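Enquirer: Here's a structure for you.
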Amino acid sequence: VKLLIKGGQIYNFDNAFLGDVLIEDGLIKEVSPKIESQDHCEIYNAEGKMVFPGFIDVHTHPGLPEDLGYKKDTDDFITETRAARKGGTTTIIDFAEQHLEETLTQALAQRERRYEKKAQCRYAFHIAVTKLRADIYEQLVEVKKRGVNSVKVYTTYGMMLGSKDILILMECCAALDMVMMVHCEDNDIINYCSKRMLYWESRPREAETAMVYKIVSLAALTGCKVCICHVSCAESVDIIEAAKKKGLLVYLETCPQYLLLTEEKYKGEPIEAAKFFLSPPLRKEEDCIRLTEACQKGVVDFISTDHCAFLFEKHKKPFVEERERVAKGIPGIEVRVSLMYDYLVLKNHMDPKAFVKIMSYNEAHVFKLPYRGYIKEGNFADLVIMSEDKDVIRSGKLIGSSDYTPYEGMGIGCRIIKVI
Ligand SMILES: [Zn+2]
């Protein structure tokens, strides 16, 4: 099957030009300012539209942990991966989480089985290490052979690791050229603050920044590449920016919610506020501004969603009187690309090439996802065609499993027209 996309504005992270893209059997066959139409070739007129490499979201949780009892409601890889694709995300990375007695290979195999023949977009896995066994290095060698290039570590929750284990794991990752992704919140600080009245004060910024500083320090000692997940506040950006200046391989991931939404969302009706419970929580306007600047300066490496398709009616609203039971997490996979194009490119004048860099190219490059993140001959024909037409985000128009969107009613200046 051949498809010729004619006359679109093509964007890569390092070039942009008006041109055509020829696709054959799922691969990009040719990219050039002008390609003559061929026999048996479908033609798509992309004049006046933008053509991007398929976008990549490296932090998603489609299908929630079975042990939380969420499986029946939202464990639907068909729906979630279809929603990702519709929203311009052609590859997601999910987390294969090690349950206590499992080996990493078992954890990975279990997660792979849940995706098989169901996924509607491309996918890969980080391996979430929750317990270190003596053969951790050999286990990592095994999962790396199966295409896993990154490890996830928590510093809070039941599955957290302490500094001693993190150091051992960092040494292994450094030796194997794997990236460590870290959820940075200091568990002792979280516990100390857990009785505070207001949710967002119970997970204070100090918990994040103290742990970001520590993880960056451990990375400096071991030479491990680390990605600081879902950075929410200005001080964390300062720490990571300073580390980068020293030449450390510390990557910064943030999410649309930390750029667009603030803790003001917690100050209205408690039922409404539950829609925005996530960890780390939303912060202040100053933090959004600092993170936005960091995107523009190239300090932010990835914009991911930390997508969790919780249902407002089922997992949040019934528990507003018991804060601990409100599901912490928000959906976003379907709107990430359009929201971020609108916010960064249209409202903050980011070059669309830089947009491609933090939404697709960096992801493919750092996590070693082959044949993606760049429109060129031989790569997968994962393409997103967009226009600058006005739209409004409405939950009713979305196809994901969740019954609400945290971005309800937001006006945006772009649309995703076609995803290949
Ligand atoms: Zn997450």
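Going by the structure tokens order, chains are called A, B, ..., each with residues numbered from 1, while ligands are numbered from 1 in the order shown.
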What lies within 8 Å of Lys131 (chain A) using only C-alpha atoms, ignoring chain neighbours under 5 positions off, as a ChimeraX atom specification?

Expert: /A:98,100,159,161

Enquirer: Okay, now the selection with C-alpha atoms, as a short mmCIF file (atom, residue, chain, number, x, y, z; two decimals), in the first residue's frame?

Expert:
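As written to disk, out02.cif reads:
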data_model
loop_
_atom_site.label_atom_id
_atom_site.label_comp_id
_atom_site.auth_asym_id
_atom_site.auth_seq_id
_atom_site.Cartn_x
_atom_site.Cartn_y
_atom_site.Cartn_z
CA GLN A 98 7.94 -6.03 39.57
CA LEU A 100 7.58 -8.67 45.23
CA MET A 159 7.39 0.01 46.21
CA LEU A 161 13.80 1.81 47.21
#

Enquirer: So that I can see what lies close to Val250 (chain A), please list as a list in words the residues with an atom at most 7 Å from it, counting only C-alpha atoms and leaving out residues fewer than 6 positions away in the same chain.

Expert: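 The neighbour list is Lys225, Val226, Cys227, Ile240, Ala243 and Lys244 of chain A.
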
Enquirer: When the cut-off is 7 Å and you count only C-alpha atoms and all ligand atoms, which residues lie near ligand 1, shown as a list in words?

Expert: His59, Thr60, His61 and Asp306 of chain A

Enquirer: Pick out each residue of region 263-370 of chain A that DSSP on the backbone tags as alpha helix (DSSP H); I need them as a count of residues only.

Expert: 31

Enquirer: Could you pull out the strand (DSSP E) residues of region 128-175 of chain A from DSSP and send them as a list in words?

Expert: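 So the strand (DSSP E) residues in region 128-175 of chain A would be Ala128, Ser150, Val151, Lys152, Val153 and Tyr154 of chain A.
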
Enquirer: Rank A:Cys295, A:Val148, A:Val21, A:Leu3 by their smallest atom-to-atom distance to Asp39 (chain A), using only C-alpha atoms, and report the top residue only.

Expert: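 Closest candidate: A:Leu3.
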
Enquirer: Can you check which parts of region 174-207 of chain A lie within 12 Å of region 133-141 of chain A? Per residue, the shortest pair of atoms and distance in Å to one decimal, counting only C-alpha atoms, sorted by chain and number, as CSV.

Expert:
residue,atom,partner,partner_atom,distance
A:Ala174,CA,A:Tyr137,CA,10.9
A:Ala175,CA,A:Tyr137,CA,9.2
A:Leu176,CA,A:Val141,CA,7.5
A:Asp177,CA,A:Val141,CA,10.6
A:Met178,CA,A:Leu140,CA,9.1
A:Val179,CA,A:Leu140,CA,11.8
A:Met180,CA,A:Leu140,CA,12.0

Enquirer: Using only C-alpha atoms, which residue out of A:Thr91, A:Asn362, A:Ser32, A:Ser338 lies closest to Glu388 (chain A)?

Expert: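 Ranking A:Thr91, A:Asn362, A:Ser32, A:Ser338 by distance to Glu388 (chain A), first place goes to A:Ser338.
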
Enquirer: Would you please work out which residue, of A:Phe95, A:Tyr192, A:Phe55, A:Tyr154, is nearest to His307 (chain A) when using only C-alpha atoms?

Expert: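 For His307 (chain A), the nearest of the given residues is A:Phe95.
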
Enquirer: At what distance in Å, to one decimal, does CA of Met181 (chain A) lie from CA of Ile228 (chain A)?

Expert: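 Between CA of Ile228 (chain A) and CA of Met181 (chain A) the gap is 6.0 Å.
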
Enquirer: What does the distance from CA of Ala354 (chain A) to CA of Glu253 (chain A) come to in Å, to one decimal?

Expert: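 Calculated distance between CA of Ala354 (chain A) and CA of Glu253 (chain A) is 14.9 Å.
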
Enquirer: Give me the residues within 9 Å of region 105-122 of chain A as a PyMOL selection string, counting only C-alpha atoms and dropping any in the same chain fewer than 3 places off.

Expert: chain A and resi 76-85+89-99+102+125-128+139-140+142-143+146+148

Enquirer: What's the 8 Å shell around Lys357 (chain A), counting only C-alpha atoms, without same-chain residues fewer than 3 positions away, as number ranges by chain?

Expert: A: 12-13, 301, 353-354, 360-362

Enquirer: Given the selection you just returned, output its residues as a file containing all heavy atoms, formatted as a PDB file, in the first residue's frame.

Expert:
ATOM      1  N   ASN A  12      11.062  18.415  11.470  1.00  0.00           N
ATOM      2  CA  ASN A  12      11.881  17.558  12.307  1.00  0.00           C
ATOM      3  C   ASN A  12      12.511  18.452  13.363  1.00  0.00           C
ATOM      4  O   ASN A  12      12.369  19.672  13.303  1.00  0.00           O
ATOM      5  CB  ASN A  12      12.967  16.866  11.478  1.00  0.00           C
ATOM      6  CG  ASN A  12      12.421  15.670  10.712  1.00  0.00           C
ATOM      7  OD1 ASN A  12      11.714  14.829  11.285  1.00  0.00           O
ATOM      8  ND2 ASN A  12      12.726  15.591   9.425  1.00  0.00           N
ATOM      9  N   PHE A  13      13.240  17.865  14.303  1.00  0.00           N
ATOM     10  CA  PHE A  13      13.795  18.713  15.362  1.00  0.00           C
ATOM     11  C   PHE A  13      14.883  19.650  14.832  1.00  0.00           C
ATOM     12  O   PHE A  13      15.151  20.686  15.420  1.00  0.00           O
ATOM     13  CB  PHE A  13      14.327  17.854  16.519  1.00  0.00           C
ATOM     14  CG  PHE A  13      15.717  17.339  16.316  1.00  0.00           C
ATOM     15  CD1 PHE A  13      16.802  18.014  16.871  1.00  0.00           C
ATOM     16  CD2 PHE A  13      15.950  16.187  15.570  1.00  0.00           C
ATOM     17  CE1 PHE A  13      18.096  17.541  16.682  1.00  0.00           C
ATOM     18  CE2 PHE A  13      17.233  15.717  15.388  1.00  0.00           C
ATOM     19  CZ  PHE A  13      18.309  16.393  15.940  1.00  0.00           C
ATOM     20  N   ASP A 301      13.501  18.010  28.813  1.00  0.00           N
ATOM     21  CA  ASP A 301      13.810  17.025  27.767  1.00  0.00           C
ATOM     22  C   ASP A 301      12.566  16.328  27.225  1.00  0.00           C
ATOM     23  O   ASP A 301      12.520  15.977  26.054  1.00  0.00           O
ATOM     24  CB  ASP A 301      14.767  15.970  28.329  1.00  0.00           C
ATOM     25  CG  ASP A 301      16.081  16.588  28.724  1.00  0.00           C
ATOM     26  OD1 ASP A 301      16.863  16.928  27.823  1.00  0.00           O
ATOM     27  OD2 ASP A 301      16.315  16.782  29.935  1.00  0.00           O
ATOM     28  N   LYS A 353      10.063  23.168  15.637  1.00  0.00           N
ATOM     29  CA  LYS A 353      11.152  22.171  15.637  1.00  0.00           C
ATOM     30  C   LYS A 353      11.511  21.796  17.083  1.00  0.00           C
ATOM     31  O   LYS A 353      11.749  20.637  17.388  1.00  0.00           O
ATOM     32  CB  LYS A 353      12.398  22.719  14.913  1.00  0.00           C
ATOM     33  CG  LYS A 353      12.148  23.068  13.445  1.00  0.00           C
ATOM     34  CD  LYS A 353      13.445  23.189  12.660  1.00  0.00           C
ATOM     35  CE  LYS A 353      14.345  24.332  13.086  1.00  0.00           C
ATOM     36  NZ  LYS A 353      13.804  25.680  12.701  1.00  0.00           N
ATOM     37  N   ALA A 354      11.538  22.805  17.953  1.00  0.00           N
ATOM     38  CA  ALA A 354      11.833  22.541  19.372  1.00  0.00           C
ATOM     39  C   ALA A 354      10.702  21.734  20.009  1.00  0.00           C
ATOM     40  O   ALA A 354      10.930  20.905  20.898  1.00  0.00           O
ATOM     41  CB  ALA A 354      12.031  23.857  20.120  1.00  0.00           C
ATOM     42  N   SER A 360       8.946  14.210  20.773  1.00  0.00           N
ATOM     43  CA  SER A 360       9.143  13.016  19.945  1.00  0.00           C
ATOM     44  C   SER A 360      10.618  12.610  19.811  1.00  0.00           C
ATOM     45  O   SER A 360      11.001  11.494  20.144  1.00  0.00           O
ATOM     46  CB  SER A 360       8.546  13.253  18.552  1.00  0.00           C
ATOM     47  OG  SER A 360       8.715  12.127  17.739  1.00  0.00           O
ATOM     48  N   TYR A 361      11.450  13.552  19.346  1.00  0.00           N
ATOM     49  CA  TYR A 361      12.835  13.177  19.048  1.00  0.00           C
ATOM     50  C   TYR A 361      13.614  12.745  20.296  1.00  0.00           C
ATOM     51  O   TYR A 361      14.259  11.686  20.309  1.00  0.00           O
ATOM     52  CB  TYR A 361      13.568  14.335  18.345  1.00  0.00           C
ATOM     53  CG  TYR A 361      15.030  14.006  18.136  1.00  0.00           C
ATOM     54  CD1 TYR A 361      15.419  13.146  17.114  1.00  0.00           C
ATOM     55  CD2 TYR A 361      16.006  14.494  19.010  1.00  0.00           C
ATOM     56  CE1 TYR A 361      16.743  12.799  16.947  1.00  0.00           C
ATOM     57  CE2 TYR A 361      17.338  14.142  18.849  1.00  0.00           C
ATOM     58  CZ  TYR A 361      17.697  13.301  17.813  1.00  0.00           C
ATOM     59  OH  TYR A 361      19.011  12.947  17.658  1.00  0.00           O
ATOM     60  N   ASN A 362      13.588  13.560  21.345  1.00  0.00           N
ATOM     61  CA  ASN A 362      14.335  13.213  22.563  1.00  0.00           C
ATOM     62  C   ASN A 362      13.886  11.862  23.114  1.00  0.00           C
ATOM     63  O   ASN A 362      14.714  11.062  23.567  1.00  0.00           O
ATOM     64  CB  ASN A 362      14.118  14.265  23.662  1.00  0.00           C
ATOM     65  CG  ASN A 362      14.901  15.548  23.404  1.00  0.00           C
ATOM     66  OD1 ASN A 362      15.793  15.581  22.568  1.00  0.00           O
ATOM     67  ND2 ASN A 362      14.563  16.597  24.132  1.00  0.00           N
TER      68      ASN A 362
END

Enquirer: Of the candidates A:Val300, A:Ala309, A:Val58, A:Met386, which shows the shortest atom-to-atom distance to Leu398 (chain A), using only C-alpha atoms?

Expert: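 When distances to Leu398 (chain A) are compared using only C-alpha atoms, the smallest one comes from A:Ala309.
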
Enquirer: Using only C-alpha atoms, pick whichever of A:Trp200, A:Val335, A:Cys193, A:Thr292 has the shortest atom-to-atom distance to Lys265 (chain A).

Expert: A:Trp200

Enquirer: Point out the residue among A:Ile385, A:Leu311, A:Leu339, A:Ala220 with the least atom-to-atom distance to Lys6 (chain A), counting only C-alpha atoms.

Expert: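 Among the listed residues, the smallest separation from Lys6 (chain A) belongs to A:Ile385.
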
Enquirer: Between CA of Ala207 (chain A) and CA of Asp165 (chain A), what is the distance in Å, rounded to a tenth?

Expert: 19.5 Å

Enquirer: If we count only C-alpha atoms and set the cut-off at 7 Å, which residues sit around Thr262 (chain A), ignoring sequence neighbours fewer than 5 positions away in its own chain? Please answer as a PyMOL selection string.

Expert: chain A and resi 282-285

Enquirer: Excluding Lys214 (chain A) and residues on its chain fewer than 4 positions from it, collect all residues at most 12 Å away from it, counting only C-alpha atoms, and give them as a PyMOL selection string.

Expert: chain A and resi 155+162-163+166-167+182+184-186+207-210+218-221+226+228+236+239-240+243

Enquirer: For the residues selected in the previous step, produce a file with N, CA, C and O atoms as an mmCIF file, in the first residue's frame.

Expert:
data_model
loop_
_atom_site.group_PDB
_atom_site.id
_atom_site.type_symbol
_atom_site.label_atom_id
_atom_site.label_comp_id
_atom_site.auth_asym_id
_atom_site.auth_seq_id
_atom_site.Cartn_x
_atom_site.Cartn_y
_atom_site.Cartn_z
ATOM 1 N N THR A 155 10.639 6.614 45.137
ATOM 2 C CA THR A 155 11.263 6.969 46.414
ATOM 3 C C THR A 155 10.196 7.190 47.482
ATOM 4 O O THR A 155 10.467 7.691 48.559
ATOM 5 N N GLY A 162 15.424 2.422 48.918
ATOM 6 C CA GLY A 162 16.256 3.355 49.677
ATOM 7 C C GLY A 162 17.537 3.678 48.916
ATOM 8 O O GLY A 162 17.835 3.068 47.885
ATOM 9 N N SER A 163 18.318 4.621 49.447
ATOM 10 C CA SER A 163 19.530 5.086 48.745
ATOM 11 C C SER A 163 20.516 3.958 48.466
ATOM 12 O O SER A 163 21.163 3.941 47.418
ATOM 13 N N ILE A 166 19.305 2.083 45.539
ATOM 14 C CA ILE A 166 19.348 2.943 44.344
ATOM 15 C C ILE A 166 20.783 3.043 43.819
ATOM 16 O O ILE A 166 21.019 2.977 42.609
ATOM 17 N N LEU A 167 21.745 3.143 44.725
ATOM 18 C CA LEU A 167 23.151 3.217 44.293
ATOM 19 C C LEU A 167 23.585 1.947 43.557
ATOM 20 O O LEU A 167 24.240 2.010 42.512
ATOM 21 N N VAL A 182 13.170 8.290 37.837
ATOM 22 C CA VAL A 182 12.899 8.324 39.275
ATOM 23 C C VAL A 182 11.696 9.208 39.598
ATOM 24 O O VAL A 182 11.626 10.366 39.177
ATOM 25 N N CYS A 184 10.515 11.306 42.219
ATOM 26 C CA CYS A 184 11.219 11.947 43.329
ATOM 27 C C CYS A 184 10.264 12.616 44.313
ATOM 28 O O CYS A 184 9.761 13.714 44.062
ATOM 29 N N GLU A 185 10.001 11.944 45.422
ATOM 30 C CA GLU A 185 9.345 12.581 46.574
ATOM 31 C C GLU A 185 9.912 11.850 47.784
ATOM 32 O O GLU A 185 9.847 10.618 47.852
ATOM 33 N N ASP A 186 10.452 12.578 48.732
ATOM 34 C CA ASP A 186 11.063 11.962 49.910
ATOM 35 C C ASP A 186 9.969 11.387 50.812
ATOM 36 O O ASP A 186 9.105 12.112 51.290
ATOM 37 N N ALA A 207 9.416 17.992 49.589
ATOM 38 C CA ALA A 207 9.587 16.539 49.440
ATOM 39 C C ALA A 207 10.191 16.238 48.077
ATOM 40 O O ALA A 207 11.047 15.359 47.925
ATOM 41 N N GLU A 208 9.737 16.960 47.052
ATOM 42 C CA GLU A 208 10.266 16.743 45.701
ATOM 43 C C GLU A 208 11.702 17.249 45.589
ATOM 44 O O GLU A 208 12.603 16.517 45.162
ATOM 45 N N THR A 209 11.918 18.480 45.990
ATOM 46 C CA THR A 209 13.230 19.080 45.699
ATOM 47 C C THR A 209 14.343 18.418 46.497
ATOM 48 O O THR A 209 15.455 18.242 45.990
ATOM 49 N N ALA A 210 14.041 18.009 47.748
ATOM 50 C CA ALA A 210 15.055 17.312 48.550
ATOM 51 C C ALA A 210 15.474 16.031 47.836
ATOM 52 O O ALA A 210 16.661 15.698 47.761
ATOM 53 N N LEU A 218 23.424 11.190 43.679
ATOM 54 C CA LEU A 218 23.743 9.765 43.494
ATOM 55 C C LEU A 218 24.150 9.498 42.042
ATOM 56 O O LEU A 218 25.051 8.693 41.772
ATOM 57 N N ALA A 219 23.499 10.189 41.120
ATOM 58 C CA ALA A 219 23.842 10.033 39.704
ATOM 59 C C ALA A 219 25.271 10.526 39.447
ATOM 60 O O ALA A 219 26.020 9.922 38.669
ATOM 61 N N ALA A 220 25.630 11.608 40.134
ATOM 62 C CA ALA A 220 26.991 12.135 39.967
ATOM 63 C C ALA A 220 28.020 11.123 40.472
ATOM 64 O O ALA A 220 29.084 10.949 39.882
ATOM 65 N N LEU A 221 27.685 10.431 41.540
ATOM 66 C CA LEU A 221 28.621 9.448 42.112
ATOM 67 C C LEU A 221 28.779 8.217 41.239
ATOM 68 O O LEU A 221 29.851 7.612 41.201
ATOM 69 N N VAL A 226 20.033 9.630 34.571
ATOM 70 C CA VAL A 226 18.743 9.615 35.256
ATOM 71 C C VAL A 226 17.759 10.566 34.588
ATOM 72 O O VAL A 226 18.140 11.587 34.022
ATOM 73 N N ILE A 228 14.499 12.652 35.806
ATOM 74 C CA ILE A 228 13.665 13.058 36.936
ATOM 75 C C ILE A 228 12.237 13.203 36.414
ATOM 76 O O ILE A 228 11.969 14.047 35.552
ATOM 77 N N SER A 236 13.253 22.403 41.591
ATOM 78 C CA SER A 236 13.738 21.177 40.940
ATOM 79 C C SER A 236 14.388 21.519 39.599
ATOM 80 O O SER A 236 15.417 20.942 39.236
ATOM 81 N N ILE A 239 17.870 22.832 40.203
ATOM 82 C CA ILE A 239 18.839 21.775 40.533
ATOM 83 C C ILE A 239 19.264 21.025 39.267
ATOM 84 O O ILE A 239 20.450 20.781 39.028
ATOM 85 N N ILE A 240 18.280 20.689 38.444
ATOM 86 C CA ILE A 240 18.579 19.893 37.242
ATOM 87 C C ILE A 240 19.360 20.728 36.228
ATOM 88 O O ILE A 240 20.319 20.242 35.608
ATOM 89 N N ALA A 243 22.876 20.788 37.289
ATOM 90 C CA ALA A 243 23.517 19.489 37.047
ATOM 91 C C ALA A 243 23.892 19.343 35.572
ATOM 92 O O ALA A 243 24.982 18.871 35.230
#
